[in-house]
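Printed here is start.txt (compact mmCIF, C-alpha atoms and all ligand atoms):
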# COMPACT_ATOMS: atom_id res chain seq x y z
CA MET E 277 202.06 -26.19 -85.89
CA PRO E 278 200.61 -22.64 -86.06
CA ASN E 279 203.55 -20.74 -87.48
CA ALA E 280 201.76 -18.47 -89.95
CA ALA E 281 200.80 -14.96 -88.84
CA PRO E 282 197.72 -14.65 -86.61
CA LEU E 283 194.55 -13.47 -88.35
CA TYR E 284 191.55 -11.37 -87.35
CA ILE E 285 188.21 -12.18 -88.99
CA GLY E 286 185.54 -9.48 -89.18
CA SER E 287 182.96 -7.74 -91.33
CA GLU E 288 181.49 -4.28 -91.73
CA ILE E 289 178.06 -5.87 -91.21
CA TYR E 290 178.59 -5.69 -87.44
CA ARG E 291 178.55 -1.88 -87.57
CA GLN E 292 174.86 -1.98 -88.43
CA PRO E 293 172.40 -1.62 -85.56
CA ALA E 294 171.12 -4.95 -84.25
CA PHE E 295 168.79 -6.42 -81.64
CA GLY E 296 166.70 -3.22 -81.35
CA THR E 297 166.32 -1.15 -78.21
CA ASN E 298 165.97 -2.60 -74.71
CA HIS E 299 168.15 -5.59 -75.45
CA PRO E 300 171.39 -6.36 -73.59
CA LEU E 301 173.20 -6.69 -76.94
CA ASN E 302 172.15 -3.21 -78.04
CA ILE E 303 175.66 -1.98 -77.27
CA VAL E 304 178.67 -1.34 -79.49
CA ARG E 305 181.04 -4.29 -79.19
CA HIS E 306 182.67 -5.43 -82.39
CA ALA E 307 183.03 -2.05 -84.04
CA ALA E 308 184.52 -0.70 -80.81
CA VAL E 309 187.16 -3.46 -80.72
CA ILE E 310 188.27 -2.65 -84.27
CA ASP E 311 188.19 1.10 -83.64
CA LEU E 312 190.30 0.71 -80.50
CA LEU E 313 192.77 -1.56 -82.28
CA GLN E 314 193.15 1.00 -85.05
CA MET E 315 193.78 3.77 -82.54
CA LEU E 316 196.52 1.63 -81.00
CA GLY E 317 197.96 0.73 -84.43
CA TRP E 318 197.54 -2.96 -83.58
CA LEU E 319 195.56 -4.14 -86.61
CA ASN E 320 196.86 -3.86 -90.14
CA GLU E 321 195.30 -4.99 -93.40
CA ASN E 322 197.59 -8.00 -93.70
CA SER E 323 196.16 -9.46 -90.50
CA PHE E 324 192.52 -8.82 -91.35
CA ARG E 325 190.25 -11.11 -93.37
CA GLU E 326 186.72 -10.16 -94.37
CA SER E 327 184.27 -12.99 -93.75
CA GLN E 328 181.64 -14.17 -96.22
CA PRO E 329 178.13 -15.21 -95.20
CA ALA E 330 177.43 -18.95 -94.98
CA SER E 331 175.11 -20.20 -97.73
CA VAL E 332 171.82 -21.95 -96.98
CA ASP E 333 173.45 -25.22 -98.08
CA GLN E 334 176.13 -24.66 -95.46
CA LEU E 335 173.66 -23.64 -92.74
CA VAL E 336 171.63 -26.84 -93.15
CA GLU E 337 174.69 -28.94 -92.40
CA PHE E 338 173.70 -28.31 -88.78
CA HIS E 339 170.43 -26.36 -88.64
CA SER E 340 167.12 -27.76 -89.86
CA ARG E 341 165.96 -26.56 -93.26
CA THR E 342 162.55 -25.59 -91.89
CA TYR E 343 164.17 -23.36 -89.27
CA VAL E 344 166.52 -21.71 -91.78
CA ARG E 345 163.54 -21.09 -94.11
CA ALA E 346 161.44 -19.68 -91.29
CA LEU E 347 164.24 -17.29 -90.33
CA GLN E 348 164.67 -16.20 -93.96
CA TYR E 349 160.93 -15.59 -94.27
CA ALA E 350 160.79 -13.60 -91.02
CA ASN E 351 163.81 -11.58 -92.11
CA ALA E 352 162.33 -10.78 -95.52
CA THR E 353 158.83 -9.91 -94.31
CA GLY E 354 159.61 -8.44 -90.89
CA LEU E 355 156.90 -10.69 -89.48
CA VAL E 356 156.76 -13.74 -87.24
CA ASP E 357 153.39 -15.35 -86.52
CA LYS E 358 152.55 -16.81 -83.13
CA GLU E 359 153.20 -20.39 -84.17
CA ALA E 360 156.62 -19.60 -85.65
CA ARG E 361 157.50 -17.48 -82.62
CA GLU E 362 156.79 -20.36 -80.27
CA ARG E 363 158.37 -23.02 -82.43
CA TYR E 364 161.54 -21.19 -83.41
CA GLN E 365 161.84 -18.73 -80.50
CA VAL E 366 162.36 -15.83 -82.89
CA GLY E 367 160.59 -12.49 -82.52
CA THR E 368 160.72 -12.76 -78.73
CA PHE E 369 162.29 -10.33 -76.26
CA GLU E 370 165.27 -12.67 -75.99
CA ASN E 371 165.77 -13.25 -79.71
CA PRO E 372 164.18 -10.27 -81.43
CA LEU E 373 163.55 -9.89 -85.13
CA PHE E 374 165.52 -6.93 -86.50
CA PRO E 375 166.44 -5.77 -90.02
CA GLY E 376 169.44 -7.65 -91.40
CA LEU E 377 169.20 -10.42 -88.82
CA PHE E 378 169.58 -13.28 -91.31
CA GLU E 379 172.55 -11.68 -93.07
CA ARG E 380 174.28 -10.97 -89.77
CA ALA E 381 173.72 -14.46 -88.32
CA SER E 382 174.84 -16.11 -91.59
CA MET E 383 177.93 -13.89 -91.64
CA THR E 384 178.89 -15.09 -88.18
CA VAL E 385 178.65 -18.71 -89.31
CA GLY E 386 180.65 -17.92 -92.45
CA GLY E 387 183.28 -16.21 -90.31
CA SER E 388 183.67 -19.28 -88.11
CA ILE E 389 183.95 -21.61 -91.12
CA LEU E 390 186.67 -19.36 -92.58
CA SER E 391 188.39 -19.20 -89.18
CA ALA E 392 188.65 -22.99 -88.96
CA GLU E 393 189.87 -23.28 -92.58
CA LEU E 394 192.65 -20.78 -91.84
CA ALA E 395 193.50 -22.34 -88.48
CA VAL E 396 194.24 -25.73 -90.02
CA LYS E 397 196.60 -23.94 -92.41
CA GLY E 398 198.66 -22.84 -89.40
CA HIS E 399 197.20 -19.49 -88.33
CA VAL E 400 195.89 -18.66 -84.87
CA VAL E 401 192.57 -17.10 -85.81
CA PHE E 402 190.55 -14.58 -83.79
CA HIS E 403 186.89 -14.15 -84.72
CA PRO E 404 185.36 -12.15 -81.88
CA THR E 405 181.93 -11.83 -83.51
CA GLY E 406 181.64 -15.60 -83.25
CA GLY E 407 180.62 -17.45 -80.12
CA THR E 408 176.85 -17.86 -80.53
CA HIS E 409 177.07 -21.00 -78.41
CA HIS E 410 173.40 -21.33 -77.40
CA GLY E 411 171.95 -21.72 -80.94
CA LYS E 412 170.05 -25.00 -81.45
CA VAL E 413 169.43 -27.18 -84.50
CA ASP E 414 165.90 -25.88 -85.01
CA ARG E 415 165.51 -22.79 -82.87
CA ALA E 416 167.11 -19.63 -81.53
CA SER E 417 168.19 -19.46 -77.90
CA GLY E 418 169.91 -16.97 -75.61
CA PHE E 419 170.46 -14.18 -78.21
CA CYS E 420 171.86 -16.79 -80.65
CA TYR E 421 170.08 -17.57 -83.93
CA PHE E 422 172.62 -19.97 -85.41
CA ASN E 423 175.50 -21.74 -83.68
CA ASP E 424 178.77 -20.64 -85.28
CA PRO E 425 181.11 -22.56 -82.90
CA VAL E 426 179.45 -25.78 -84.14
CA PHE E 427 180.43 -24.81 -87.69
CA ALA E 428 184.02 -24.05 -86.69
CA ILE E 429 184.22 -27.55 -85.21
CA LEU E 430 182.49 -29.23 -88.18
CA THR E 431 184.97 -27.50 -90.48
CA MET E 432 187.91 -28.77 -88.40
CA LEU E 433 186.50 -32.32 -88.79
CA LYS E 434 186.08 -31.84 -92.55
CA GLU E 435 189.67 -30.69 -92.73
CA GLY E 436 190.76 -34.01 -91.25
CA ARG E 437 191.08 -33.21 -87.54
CA ASP E 438 189.68 -36.02 -85.42
CA ARG E 439 190.20 -34.94 -81.79
CA VAL E 440 188.73 -31.46 -81.55
CA LEU E 441 188.43 -29.89 -78.10
CA TYR E 442 185.99 -27.02 -77.57
CA ILE E 443 186.70 -24.91 -74.47
CA ASP E 444 184.00 -22.44 -73.42
CA LEU E 445 184.97 -19.69 -70.96
CA ASP E 446 181.75 -17.64 -71.32
CA ALA E 447 179.81 -17.08 -68.07
CA HIS E 448 176.96 -19.22 -69.44
CA HIS E 449 177.02 -22.95 -70.19
CA GLY E 450 177.88 -23.71 -73.83
CA ASP E 451 174.77 -25.86 -74.09
CA GLY E 452 174.21 -25.67 -77.85
CA VAL E 453 177.72 -26.85 -78.67
CA GLU E 454 177.73 -29.60 -76.03
CA GLU E 455 174.38 -30.92 -77.29
CA ALA E 456 175.52 -30.88 -80.93
CA PHE E 457 178.46 -33.22 -80.30
CA LEU E 458 177.32 -35.59 -77.53
CA ASP E 459 177.21 -38.44 -80.06
CA GLU E 460 180.36 -37.38 -81.92
CA PRO E 461 183.42 -39.18 -80.51
CA ARG E 462 185.82 -36.92 -82.41
CA VAL E 463 184.69 -33.84 -80.44
CA SER E 464 184.98 -33.10 -76.71
CA THR E 465 183.55 -30.04 -74.98
CA LEU E 466 184.53 -28.32 -71.75
CA SER E 467 182.59 -25.41 -70.32
CA ILE E 468 183.45 -23.28 -67.28
CA HIS E 469 180.41 -21.25 -66.33
CA GLU E 470 178.54 -19.78 -63.41
CA ALA E 471 176.36 -22.25 -61.48
CA GLU E 472 172.63 -21.63 -61.16
CA ARG E 473 172.51 -19.25 -64.06
CA TRP E 474 170.56 -19.51 -67.33
CA PRO E 475 170.34 -21.96 -69.17
CA PHE E 476 170.74 -23.97 -65.92
CA SER E 477 172.32 -26.94 -67.74
CA GLY E 478 175.95 -28.02 -67.52
CA THR E 479 175.73 -29.02 -63.87
CA THR E 480 177.54 -32.35 -64.36
CA SER E 481 180.06 -33.88 -66.71
CA ARG E 482 179.49 -36.82 -69.03
CA PRO E 483 182.95 -38.19 -69.79
CA ASP E 484 181.34 -41.09 -71.73
CA ALA E 485 179.97 -38.51 -74.16
CA GLY E 486 183.04 -36.26 -74.11
CA ALA E 487 181.30 -33.46 -72.22
CA TRP E 488 182.93 -31.78 -69.22
CA ASN E 489 181.37 -29.03 -67.15
CA LEU E 490 182.75 -26.91 -64.34
CA ALA E 491 179.85 -24.95 -62.87
CA VAL E 492 181.45 -22.44 -60.51
CA ALA E 493 179.97 -20.57 -57.58
CA PRO E 494 179.32 -16.83 -58.07
CA GLY E 495 182.22 -14.51 -57.37
CA ILE E 496 185.01 -16.66 -58.83
CA ASN E 497 188.26 -14.67 -58.64
CA ASP E 498 191.55 -14.86 -60.58
CA THR E 499 193.20 -17.16 -58.02
CA GLU E 500 190.34 -19.65 -58.27
CA PHE E 501 190.21 -19.49 -62.05
CA GLU E 502 193.96 -20.12 -62.30
CA PHE E 503 193.59 -23.09 -59.96
CA LEU E 504 190.77 -24.56 -62.06
CA PHE E 505 192.70 -23.96 -65.24
CA ASP E 506 195.90 -25.58 -63.97
CA HIS E 507 194.21 -28.48 -62.16
CA ALA E 508 191.28 -29.27 -64.44
CA VAL E 509 191.61 -27.72 -67.90
CA LEU E 510 195.29 -28.38 -68.64
CA PRO E 511 195.22 -31.97 -67.26
CA LEU E 512 192.16 -32.69 -69.41
CA LEU E 513 194.02 -31.33 -72.40
CA ASP E 514 196.92 -33.66 -71.59
CA ARG E 515 194.58 -36.65 -71.34
CA LEU E 516 192.61 -35.93 -74.50
CA GLN E 517 195.57 -34.90 -76.66
CA PRO E 518 193.38 -32.84 -79.02
CA ASP E 519 194.57 -32.03 -82.53
CA ALA E 520 192.59 -28.77 -82.77
CA LEU E 521 191.06 -26.21 -80.40
CA VAL E 522 188.00 -23.99 -80.63
CA LEU E 523 187.70 -21.48 -77.79
CA CYS E 524 184.63 -19.48 -76.84
CA CYS E 525 185.77 -16.37 -75.00
CA GLY E 526 182.56 -14.63 -73.97
CA ALA E 527 183.37 -11.51 -71.98
CA ASP E 528 180.55 -11.88 -69.46
CA CYS E 529 182.87 -13.70 -67.04
CA LEU E 530 184.73 -10.44 -66.41
CA ALA E 531 184.16 -8.40 -63.26
CA GLY E 532 181.68 -5.61 -63.98
CA ASP E 533 179.43 -7.53 -66.35
CA PRO E 534 175.79 -6.71 -65.60
CA LEU E 535 174.42 -10.19 -66.45
CA SER E 536 176.68 -12.40 -64.34
CA LYS E 537 178.62 -12.46 -61.10
CA MET E 538 182.01 -13.82 -62.08
CA GLU E 539 184.86 -11.56 -60.96
CA LEU E 540 187.71 -12.26 -63.36
CA SER E 541 190.27 -9.86 -64.78
CA ASN E 542 191.02 -9.78 -68.48
CA VAL E 543 194.65 -10.65 -67.67
CA VAL E 544 193.89 -14.07 -66.18
CA LEU E 545 191.84 -14.92 -69.28
CA TRP E 546 194.52 -13.72 -71.71
CA ASP E 547 197.05 -15.81 -69.81
CA ALA E 548 194.78 -18.86 -70.07
CA VAL E 549 194.31 -18.39 -73.81
CA ASP E 550 198.07 -17.84 -74.24
CA SER E 551 198.78 -21.16 -72.56
CA LEU E 552 196.33 -22.89 -74.94
CA ILE E 553 197.89 -21.22 -78.00
CA ALA E 554 201.27 -22.43 -76.73
CA ARG E 555 200.12 -25.99 -77.44
CA GLN E 556 200.78 -25.19 -81.12
CA LEU E 557 197.50 -26.65 -82.36
CA PRO E 558 195.19 -25.19 -84.98
CA THR E 559 193.26 -22.74 -82.78
CA VAL E 560 190.15 -20.66 -83.38
CA ILE E 561 189.31 -18.05 -80.75
CA LEU E 562 185.72 -16.83 -80.74
CA GLY E 563 183.92 -14.18 -78.68
CA GLY E 564 180.54 -14.81 -77.06
CA GLY E 565 178.47 -12.92 -74.50
CA GLY E 566 179.53 -9.73 -72.76
CA TYR E 567 177.20 -6.91 -71.77
CA ASN E 568 179.53 -4.27 -70.38
CA PRO E 569 180.83 -2.48 -73.50
CA TRP E 570 183.96 -1.21 -71.71
CA THR E 571 185.15 -4.55 -70.35
CA VAL E 572 184.19 -6.39 -73.57
CA THR E 573 186.12 -3.96 -75.77
CA ARG E 574 189.26 -4.03 -73.59
CA TYR E 575 189.15 -7.84 -73.27
CA TRP E 576 188.84 -8.58 -76.98
CA ALA E 577 191.14 -5.77 -78.16
CA GLY E 578 193.71 -6.95 -75.62
CA MET E 579 193.19 -10.57 -76.72
CA TRP E 580 194.24 -9.57 -80.22
CA GLY E 581 197.11 -7.59 -78.71
CA ARG E 582 198.33 -10.74 -76.95
CA ILE E 583 197.81 -12.99 -79.99
CA SER E 584 199.66 -10.60 -82.28
CA GLY E 585 202.45 -9.86 -79.78
CA GLN E 586 201.88 -6.15 -79.09
CA ALA E 587 203.48 -4.12 -76.31
CA PHE E 588 200.73 -2.96 -73.94
CA PRO E 589 200.86 0.71 -72.91
CA GLU E 590 200.49 1.57 -69.22
CA ARG E 591 197.75 4.03 -70.17
CA LEU E 592 195.64 4.14 -73.32
CA PRO E 593 196.22 7.01 -75.75
CA ALA E 594 193.94 10.02 -75.26
CA ASP E 595 191.79 9.34 -78.34
CA ALA E 596 191.09 5.81 -77.09
CA THR E 597 190.08 7.12 -73.68
CA ASP E 598 187.79 9.71 -75.30
CA TYR E 599 186.26 6.97 -77.43
CA LEU E 600 185.61 4.73 -74.42
CA ARG E 601 184.23 7.65 -72.43
CA ASN E 602 181.62 8.22 -75.13
CA MET E 603 180.28 4.67 -75.03
CA GLU E 604 176.92 4.02 -73.40
CA CYS E 605 175.17 1.13 -71.72
CA ASP E 606 171.61 1.13 -70.37
CA LEU E 607 172.44 -1.64 -67.90
CA ILE E 608 175.28 0.23 -66.16
CA ASP E 609 174.86 3.50 -64.25
CA ASP E 610 177.25 6.29 -65.16
CA GLU E 611 178.70 6.38 -61.63
CA ASP E 612 179.54 2.66 -61.87
CA VAL E 613 181.78 3.15 -64.91
CA GLU E 614 185.26 2.69 -63.50
CA GLU E 615 187.99 5.11 -64.56
CA ALA E 616 190.33 2.16 -65.27
CA TRP E 617 187.87 0.94 -67.95
CA LEU E 618 188.52 4.21 -69.80
CA THR E 619 192.23 4.68 -69.30
CA THR E 620 193.85 1.23 -69.33
CA MET E 621 193.79 -1.97 -71.37
CA ALA E 622 194.84 -4.53 -68.75
CA ASP E 623 192.95 -4.92 -65.47
CA THR E 624 194.81 -5.01 -62.21
CA PRO E 625 194.42 -8.74 -61.34
CA TYR E 626 191.62 -9.77 -58.97
CA PRO E 627 193.18 -12.37 -56.67
CA GLY E 628 191.20 -13.78 -53.77
CA PRO E 629 190.73 -16.76 -51.49
CA LEU E 630 190.56 -20.24 -52.99
CA ARG E 631 187.26 -21.67 -51.77
CA ASP E 632 186.97 -25.38 -50.99
CA GLU E 633 184.12 -25.81 -53.48
CA ILE E 634 186.36 -24.60 -56.32
CA ARG E 635 189.21 -26.82 -55.16
CA SER E 636 186.99 -29.91 -55.08
CA LEU E 637 185.47 -29.06 -58.46
CA ALA E 638 188.94 -29.10 -60.00
CA ILE E 639 189.87 -32.37 -58.34
CA ALA E 640 186.61 -34.05 -59.38
CA ALA E 641 187.22 -33.08 -63.00
ZN ZN X 701 177.24 -15.67 -71.76

Written as structure tokens, that's how I'd like the structure from this file.
Amino acid sequence: MPNAAPLYIGSEIYRQPAFGTNHPLNIVRHAAVIDLLQMLGWLNENSFRESQPASVDQLVEFHSRTYVRALQYANATGLVDKEARERYQVGTFENPLFPGLFERASMTVGGSILSAELAVKGHVVFHPTGGTHHGKVDRASGFCYFNDPVFAILTMLKEGRDRVLYIDLDAHHGDGVEEAFLDEPRVSTLSIHEAERWPFSGTTSRPDAGAWNLAVAPGINDTEFEFLFDHAVLPLLDRLQPDALVLCCGADCLAGDPLSKMELSNVVLWDAVDSLIARQLPTVILGGGGYNPWTVTRYWAGMWGRISGQAFPERLPADATDYLRNMECDLIDDEDVEEAWLTTMADTPYPGPLRDEIRSLAIAA
């Protein structure tokens, strides 16, 4: 069905500083993706749509009104009292209060609503600032204040889709999205994430509730990921016969991410997303986590390159390499920045042995 041109959803708001210092998300991600795409000549104005912030009336279709009000108040005053901090988990190290927080979080929700509206019209839609998959009804969680994937899915339902499949490839369990739709038979969720990592949920599947989880051992390589994808994800897709897809493509599952120990190349993930797009369903592709600015930028820029059918250069142009060389990250030592992260777009694949535990995980699913 998607036959219209692919679309990229973004906003200038993401160029503003966010999260404050000493936070893993205090790195340039979204602006860097757009800048790199412009250097490559891969993003033109016909493919770009500016998102609009979600209104309070829209936000309360999932989040509690008291939480939305509390976040607005904290945003306007710059203050969170102890009770609100504990209740809503805002103003903590994990989910800090920073200027423009409410506008930014609402913009992300608005972007995911717009993405779903355009996807059902036949576009494949890429919204890399989306993917705040840990947000809960009445509190922030895991750097997420709202939960924009939930809104993408709710919009698909409103638009008449009734078998929506959410596939989460971020290194962390998509707990907020799973929880939101456990009692909704029209929505199924599937999350591939690293076992024994925060938030420590997603250890088992609940087919009765339409929730599938593949918690993988640390160090998963491209060979293992491909096996899981071919033997668990695609067969599930065939069984469920979804009529719309929402994908969460957090970049923290890539090798080199400082907050997880998955060892995937960007190529194996692009291939996986390509095979999902090939199903010709309304498809929204969101971002998510990702704490290595070099691997995040290459993954998401390359994702758009794949979606929009670009020819990948062997080496990046000199201005792109200079740009990447100037990026900084407190969590990664200078000597650990690999030259390939600065000079290429596509990783050399990371094949490896197929461990029995991964094989049995796929078969059990
Ligand atoms: Zn993550």

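Remark: for ligand ZN 701 (chain X), the closest of the candidate residues E:Leu466, E:Leu377, E:Leu312, E:Ala447 is E:Ala447 (distances computed over only C-alpha atoms and all ligand atoms).
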
Go through the chains and note each residue within 8 Å of ligand ZN 701 (chain X), using all atoms listed in the file, then give the set as a PDB file with C-alpha atoms, in the frame of the given file.
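pocket25.pdb, freshly written:
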ATOM      1  CA  ASP E 446     181.750 -17.640 -71.320  1.00  0.00           C
ATOM      2  CA  ALA E 447     179.810 -17.080 -68.070  1.00  0.00           C
ATOM      3  CA  HIS E 448     176.960 -19.220 -69.440  1.00  0.00           C
ATOM      4  CA  HIS E 449     177.020 -22.950 -70.190  1.00  0.00           C
ATOM      5  CA  GLY E 526     182.560 -14.630 -73.970  1.00  0.00           C
ATOM      6  CA  ALA E 527     183.370 -11.510 -71.980  1.00  0.00           C
ATOM      7  CA  ASP E 528     180.550 -11.880 -69.460  1.00  0.00           C
ATOM      8  CA  CYS E 529     182.870 -13.700 -67.040  1.00  0.00           C
ATOM      9  CA  GLY E 564     180.540 -14.810 -77.060  1.00  0.00           C
ATOM     10  CA  GLY E 565     178.470 -12.920 -74.500  1.00  0.00           C
ATOM     11  CA  GLY E 566     179.530  -9.730 -72.760  1.00  0.00           C
TER      12      GLY E 566
END

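Once E:Thr559 and its same-chain neighbours fewer than 3 positions away are set aside, Ala395, Val400, Val401, Ala520, Leu521, Val522 and Ile553 of chain E remain within 7 Å of it when counting only C-alpha atoms.
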
With C-alpha atoms retained, write the just-selected residues as an mmCIF file, in the frame of the given file.
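Generated output (part.cif):
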data_model
loop_
_atom_site.group_PDB
_atom_site.id
_atom_site.type_symbol
_atom_site.label_atom_id
_atom_site.label_comp_id
_atom_site.auth_asym_id
_atom_site.auth_seq_id
_atom_site.Cartn_x
_atom_site.Cartn_y
_atom_site.Cartn_z
ATOM 1 C CA ALA E 395 193.500 -22.340 -88.480
ATOM 2 C CA VAL E 400 195.890 -18.660 -84.870
ATOM 3 C CA VAL E 401 192.570 -17.100 -85.810
ATOM 4 C CA ALA E 520 192.590 -28.770 -82.770
ATOM 5 C CA LEU E 521 191.060 -26.210 -80.400
ATOM 6 C CA VAL E 522 188.000 -23.990 -80.630
ATOM 7 C CA ILE E 553 197.890 -21.220 -78.000
#

Selected residue of minimal separation from E:Asn322 among E:Glu379, E:Ser584, E:Arg482, E:Ile639, counting all atoms listed in the file
E:Ser584

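Proximity to E:Phe374 was assessed for E:His299, E:Arg582, E:Arg515, E:Arg601 counting all atoms listed in the file; the smallest distance is recorded for E:His299.
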
Min atom-atom distance to E:Leu540 from the set E:Ile496, E:Val453, E:Met621, E:Ile608, counting only C-alpha atoms, belongs to E:Ile496
